[in-house]
Structure formats: C-alpha cells, structure tokens
Amino acid sequence: MQTESLKLSQTSRLVKLLQLLLAVLGLWLILHSWVSLKAQGTLLLQQQSEQLMRSTLQSMADTAVYLLENDQLDALNQLNHHIATNPYVYDVAVYDSNGSRISGSEPTLPARQLYALDYQEKLLPLLHDIRNEHGELLGYIRISLRTEQQNLPLQRGWHQLMQQVLWLLVLAGLVTFFLKRGHSRFSRLSLRVRKP
C-alpha cells in the first residue's frame, strides 16, 4: 500500500513537472510569437512607407518635368518644401542632368554627408530620373526617407497596439491561472462531498 502511494506521489510530481515545463514552453512560444509579429509589423510599415515614397517620387518627377520645361523654379522649390513637411521625409532635392543641384528643401546636405555611416539619422535615398515625354533626361529628384521610425505617427500607433496585445496576453494568462486554481478547488471539494 505504501509502495502504491509512493508510485502515485512520484507520478504526481512527474505530471506536475511536465505541466510546468509545458507552461514555460507555451509562455516562451507566445512571447516569441509576439516579438516576431511586432518585428514583421514594423518591417511591413517600413516597406509600405518606402512604396508610398516611391509613388510620391514618381508623381513629383512628373510634376517637375512641367516645372523645369517652363522654368518655374519657384514652384519647384514650393513643391520640394511641401513634400519635405511629410514626417517620413528628411529632405528633397532636384538636380539637373549634370548632377548640379537646382532646388531642395532646407536641411539638405551633400549626399556623401547624409548617407555616411556616422550620420546621426539613418536615411534611405530614393532617386528617380526626370524625363520629358520624348525621353530626354532633364534631371534627377532625390528624397531622403527616414528609416528609424520610432517617433513617426504610424510607428507609434503600431507600438501602442502591440503593447495592448501584450497586456491582453498577460491578462489572459492571469485569468487562466485563476480559473485553473478555482476549478481544482471545486474538483477537490466535489471529491470530498461524494465520499461516503
């Protein structure tokens, strides 16, 4: 009889240890999935903002054709400054076909300084050629896109959403824990009541 209770005690300990290991593994899997999802979301936001800037660059190049052909440099400057107000854009510059700068937004620095490894802000250069309807090269347009987007509106929203998901996961874990404890108490109580 004592051997049976010893075996039952060892089996019970083994089951509890297995449950603990499964719980730890489940917790690790949930947190790993959360971190992975957060990274994938951030990458998706970066890709979308880059695609949006490429579309903006194409539209700006089409507008710049008209402005350059009609010598409207003031309007080109206004267009550059307007595009540069976008929080995802660091600066905008327009160059002629020889590479000389024609127009640009205020914080524009030479490209070798902007894209140097030791520059304070990580920037992605997007470059598009400006061609008229005959295919003649009129110049180039460059947008410097911010790549570290922690303080940008979309990134802040994504970060807040992921924080809420994390808190919901913690809350779900606590609810599960308390339900399990309550269920086991009721189970033990029902076993005691059933015994004659």
# chains A, B, ... in the order shown; residues from 1 in each chain; ligands from 1

$ select_by_dssp --residues "region 51-180 of chain A" --states "alpha helix (DSSP H)" --output "VMD selection string"
chain A and resid 51 to 69 73 to 84 111 to 114 153 to 180

$ residues_around --residues "Gln164 (chain A)" --least-positions-apart "6" --cutoff "12 Å" --atoms "only C-alpha atoms" --output "list in words"
Trp34, Lys38, Gly157, Trp158, Val170 and Leu171 of chain A

$ write_last_selection --atoms "N, CA and C atoms" --output "PDB file, in the first residue's frame"
ATOM      1  N   TRP A  34       4.911  36.957 -30.249  1.00  0.00           N
ATOM      2  CA  TRP A  34       4.619  38.371 -30.115  1.00  0.00           C
ATOM      3  C   TRP A  34       5.779  39.225 -30.638  1.00  0.00           C
ATOM      4  N   LYS A  38       5.653  41.617 -33.914  1.00  0.00           N
ATOM      5  CA  LYS A  38       5.992  43.037 -33.795  1.00  0.00           C
ATOM      6  C   LYS A  38       7.057  43.421 -34.828  1.00  0.00           C
ATOM      7  N   GLY A 157       1.601  54.313 -33.367  1.00  0.00           N
ATOM      8  CA  GLY A 157       0.337  53.581 -33.294  1.00  0.00           C
ATOM      9  C   GLY A 157       0.553  52.083 -33.254  1.00  0.00           C
ATOM     10  N   TRP A 158       1.473  51.600 -34.079  1.00  0.00           N
ATOM     11  CA  TRP A 158       1.781  50.163 -34.095  1.00  0.00           C
ATOM     12  C   TRP A 158       2.365  49.731 -32.747  1.00  0.00           C
ATOM     13  N   VAL A 170      -1.016  38.942 -21.062  1.00  0.00           N
ATOM     14  CA  VAL A 170      -0.759  38.812 -19.624  1.00  0.00           C
ATOM     15  C   VAL A 170      -2.082  38.616 -18.881  1.00  0.00           C
ATOM     16  N   LEU A 171      -3.086  39.395 -19.243  1.00  0.00           N
ATOM     17  CA  LEU A 171      -4.393  39.265 -18.604  1.00  0.00           C
ATOM     18  C   LEU A 171      -4.992  37.884 -18.857  1.00  0.00           C
TER      19      LEU A 171
END

$ closest_residue --among "A:Arg54, A:Ser144, A:Met60, A:Leu29" --to "Ala75 (chain A)" --atoms "only C-alpha atoms"
A:Met60

$ residues_around --residues "Asn70 (chain A)" --least-positions-apart "6" --cutoff "12 Å" --atoms "only C-alpha atoms" --output "list in words"
Thr63, Ala64, Leu76, Asn132 and Leu138 of chain A

$ write_last_selection --atoms "all heavy atoms" --output "PDB file, in the first residue's frame"
ATOM      1  N   THR A  63       5.587  66.024 -62.176  1.00  0.00           N
ATOM      2  CA  THR A  63       5.306  67.450 -61.992  1.00  0.00           C
ATOM      3  C   THR A  63       6.551  68.286 -62.301  1.00  0.00           C
ATOM      4  O   THR A  63       6.456  69.360 -62.907  1.00  0.00           O
ATOM      5  CB  THR A  63       4.840  67.718 -60.550  1.00  0.00           C
ATOM      6  OG1 THR A  63       3.724  66.885 -60.261  1.00  0.00           O
ATOM      7  CG2 THR A  63       4.467  69.163 -60.342  1.00  0.00           C
ATOM      8  N   ALA A  64       7.707  67.774 -61.904  1.00  0.00           N
ATOM      9  CA  ALA A  64       8.959  68.511 -62.128  1.00  0.00           C
ATOM     10  C   ALA A  64       9.252  68.669 -63.622  1.00  0.00           C
ATOM     11  O   ALA A  64       9.872  69.661 -64.019  1.00  0.00           O
ATOM     12  CB  ALA A  64      10.117  67.808 -61.433  1.00  0.00           C
ATOM     13  N   LEU A  76       8.880  74.848 -58.204  1.00  0.00           N
ATOM     14  CA  LEU A  76       9.606  73.619 -57.881  1.00  0.00           C
ATOM     15  C   LEU A  76      10.101  73.662 -56.434  1.00  0.00           C
ATOM     16  O   LEU A  76      10.014  72.664 -55.709  1.00  0.00           O
ATOM     17  CB  LEU A  76      10.776  73.426 -58.852  1.00  0.00           C
ATOM     18  CG  LEU A  76      11.553  72.122 -58.730  1.00  0.00           C
ATOM     19  CD1 LEU A  76      10.644  70.921 -58.984  1.00  0.00           C
ATOM     20  CD2 LEU A  76      12.721  72.111 -59.706  1.00  0.00           C
ATOM     21  N   ASN A 132      11.331  64.017 -69.972  1.00  0.00           N
ATOM     22  CA  ASN A 132      10.159  64.569 -70.643  1.00  0.00           C
ATOM     23  C   ASN A 132       9.492  63.480 -71.488  1.00  0.00           C
ATOM     24  O   ASN A 132       9.942  62.330 -71.508  1.00  0.00           O
ATOM     25  CB  ASN A 132      10.526  65.814 -71.463  1.00  0.00           C
ATOM     26  CG  ASN A 132      11.484  65.511 -72.596  1.00  0.00           C
ATOM     27  OD1 ASN A 132      11.723  64.352 -72.946  1.00  0.00           O
ATOM     28  ND2 ASN A 132      12.050  66.556 -73.172  1.00  0.00           N
ATOM     29  N   LEU A 138      16.064  65.346 -68.091  1.00  0.00           N
ATOM     30  CA  LEU A 138      16.070  66.731 -67.625  1.00  0.00           C
ATOM     31  C   LEU A 138      16.773  66.875 -66.289  1.00  0.00           C
ATOM     32  O   LEU A 138      17.240  67.953 -65.936  1.00  0.00           O
ATOM     33  CB  LEU A 138      14.636  67.256 -67.494  1.00  0.00           C
ATOM     34  CG  LEU A 138      13.792  67.267 -68.763  1.00  0.00           C
ATOM     35  CD1 LEU A 138      12.391  67.763 -68.450  1.00  0.00           C
ATOM     36  CD2 LEU A 138      14.436  68.123 -69.832  1.00  0.00           C
TER      37      LEU A 138
END

$ residues_around --residues "Tyr90 (chain A)" --least-positions-apart "2" --cutoff "10 Å" --atoms "only C-alpha atoms" --output "ChimeraX atom specification"
/A:83-88,92,105-108,114,121-125,143-147

$ atom_distance --atom1 "CA of Ile130 (chain A)" --atom2 "CA of Ser59 (chain A)"
10.4 Å

$ closest_residue --among "A:Thr42, A:Gln163, A:Ala93, A:Ser103" --to "Gln72 (chain A)" --atoms "only C-alpha atoms"
A:Ser103

$ atom_distance --atom1 "CA of Met53 (chain A)" --atom2 "CA of Val165 (chain A)"
29.5 Å

$ atom_distance --atom1 "CA of Leu127 (chain A)" --atom2 "CA of Ile141 (chain A)"
5.7 Å

$ closest_residue --among "A:Gly104, A:Gly26, A:Gly41, A:Gly139" --to "Glu69 (chain A)" --atoms "only C-alpha atoms"
A:Gly139

$ decode --residues "region 135-149 of chain A" --atoms "all heavy atoms" --output "tab-separated table (two decimals), in the first residue's frame"
chain	number	residue	atom	x	y	z
A	135	GLY	N	11.61	61.37	-73.74
A	135	GLY	CA	12.61	60.52	-73.11
A	135	GLY	C	13.92	61.22	-72.81
A	135	GLY	O	14.88	60.59	-72.39
A	136	GLU	N	13.97	62.53	-73.03
A	136	GLU	CA	15.19	63.29	-72.74
A	136	GLU	C	15.35	63.46	-71.24
A	136	GLU	O	14.40	63.79	-70.53
A	136	GLU	CB	15.13	64.67	-73.39
A	136	GLU	CG	15.07	64.65	-74.90
A	136	GLU	CD	14.85	66.05	-75.46
A	136	GLU	OE1	15.31	67.03	-74.83
A	136	GLU	OE2	14.19	66.15	-76.51
A	137	LEU	N	16.55	63.28	-70.76
A	137	LEU	CA	16.84	63.42	-69.34
A	137	LEU	C	16.93	64.90	-68.98
A	137	LEU	O	17.76	65.64	-69.51
A	137	LEU	CB	18.16	62.71	-68.99
A	137	LEU	CG	18.56	62.74	-67.53
A	137	LEU	CD1	17.56	61.96	-66.69
A	137	LEU	CD2	19.95	62.17	-67.35
A	138	LEU	N	16.06	65.35	-68.09
A	138	LEU	CA	16.07	66.73	-67.63
A	138	LEU	C	16.77	66.88	-66.29
A	138	LEU	O	17.24	67.95	-65.94
A	138	LEU	CB	14.64	67.26	-67.49
A	138	LEU	CG	13.79	67.27	-68.76
A	138	LEU	CD1	12.39	67.76	-68.45
A	138	LEU	CD2	14.44	68.12	-69.83
A	139	GLY	N	16.80	65.79	-65.52
A	139	GLY	CA	17.45	65.85	-64.22
A	139	GLY	C	17.07	64.65	-63.36
A	139	GLY	O	16.59	63.63	-63.86
A	140	TYR	N	17.30	64.82	-62.08
A	140	TYR	CA	17.03	63.76	-61.11
A	140	TYR	C	16.34	64.37	-59.90
A	140	TYR	O	16.55	65.54	-59.59
A	140	TYR	CB	18.33	63.10	-60.63
A	140	TYR	CG	19.16	62.55	-61.74
A	140	TYR	CD1	20.18	63.30	-62.33
A	140	TYR	CD2	18.93	61.26	-62.21
A	140	TYR	CE1	20.93	62.79	-63.37
A	140	TYR	CE2	19.69	60.74	-63.24
A	140	TYR	CZ	20.69	61.51	-63.81
A	140	TYR	OH	21.42	61.00	-64.85
A	141	ILE	N	15.57	63.57	-59.23
A	141	ILE	CA	14.97	64.01	-57.98
A	141	ILE	C	15.32	62.97	-56.91
A	141	ILE	O	15.32	61.78	-57.17
A	141	ILE	CB	13.44	64.18	-58.12
A	141	ILE	CG1	12.87	64.82	-56.88
A	141	ILE	CG2	12.75	62.89	-58.43
A	141	ILE	CD1	11.49	65.37	-57.10
A	142	ARG	N	15.68	63.47	-55.73
A	142	ARG	CA	16.08	62.59	-54.64
A	142	ARG	C	15.27	62.93	-53.39
A	142	ARG	O	15.10	64.09	-53.03
A	142	ARG	CB	17.56	62.76	-54.32
A	142	ARG	CG	18.00	61.93	-53.10
A	142	ARG	CD	19.44	62.21	-52.69
A	142	ARG	NE	19.80	63.60	-52.53
A	142	ARG	CZ	19.56	64.32	-51.44
A	142	ARG	NH1	18.92	63.81	-50.42
A	142	ARG	NH2	19.96	65.57	-51.38
A	143	ILE	N	14.76	61.89	-52.75
A	143	ILE	CA	14.08	62.02	-51.46
A	143	ILE	C	14.86	61.19	-50.45
A	143	ILE	O	15.19	60.03	-50.73
A	143	ILE	CB	12.61	61.55	-51.52
A	143	ILE	CG1	11.79	62.47	-52.40
A	143	ILE	CG2	12.01	61.47	-50.13
A	143	ILE	CD1	10.33	62.07	-52.52
A	144	SER	N	15.17	61.76	-49.31
A	144	SER	CA	15.81	61.01	-48.23
A	144	SER	C	14.72	60.58	-47.27
A	144	SER	O	14.09	61.41	-46.61
A	144	SER	CB	16.84	61.87	-47.50
A	144	SER	OG	17.85	62.27	-48.40
A	145	LEU	N	14.50	59.29	-47.19
A	145	LEU	CA	13.45	58.72	-46.36
A	145	LEU	C	14.01	58.31	-45.01
A	145	LEU	O	15.06	57.66	-44.94
A	145	LEU	CB	12.85	57.50	-47.08
A	145	LEU	CG	11.68	56.79	-46.44
A	145	LEU	CD1	10.47	57.71	-46.38
A	145	LEU	CD2	11.35	55.54	-47.23
A	146	ARG	N	13.32	58.67	-43.95
A	146	ARG	CA	13.75	58.26	-42.60
A	146	ARG	C	13.48	56.77	-42.43
A	146	ARG	O	12.39	56.30	-42.72
A	146	ARG	CB	12.99	59.05	-41.54
A	146	ARG	CG	13.40	60.49	-41.48
A	146	ARG	CD	12.71	61.18	-40.30
A	146	ARG	NE	13.35	62.43	-40.03
A	146	ARG	CZ	12.84	63.61	-40.38
A	146	ARG	NH1	11.69	63.68	-40.98
A	146	ARG	NH2	13.51	64.72	-40.10
A	147	THR	N	14.47	56.03	-41.95
A	147	THR	CA	14.28	54.59	-41.76
A	147	THR	C	14.04	54.22	-40.31
A	147	THR	O	13.42	53.21	-40.03
A	147	THR	CB	15.49	53.79	-42.29
A	147	THR	OG1	16.66	54.23	-41.61
A	147	THR	CG2	15.66	53.98	-43.77
A	148	GLU	N	14.53	55.02	-39.38
A	148	GLU	CA	14.26	54.77	-37.96
A	148	GLU	C	13.00	55.55	-37.61
A	148	GLU	O	13.04	56.75	-37.41
A	148	GLU	CB	15.45	55.20	-37.10
A	148	GLU	CG	16.66	54.33	-37.35
A	148	GLU	CD	17.83	54.71	-36.48
A	148	GLU	OE1	17.70	55.61	-35.64
A	148	GLU	OE2	18.89	54.08	-36.66
A	149	GLN	N	11.90	54.81	-37.53
A	149	GLN	CA	10.60	55.48	-37.48
A	149	GLN	C	9.93	55.39	-36.12
A	149	GLN	O	8.71	55.43	-36.03
A	149	GLN	CB	9.70	54.87	-38.56
A	149	GLN	CG	10.30	54.97	-39.93
A	149	GLN	CD	9.45	54.26	-40.96
A	149	GLN	OE1	8.54	53.54	-40.64
A	149	GLN	NE2	9.78	54.46	-42.21
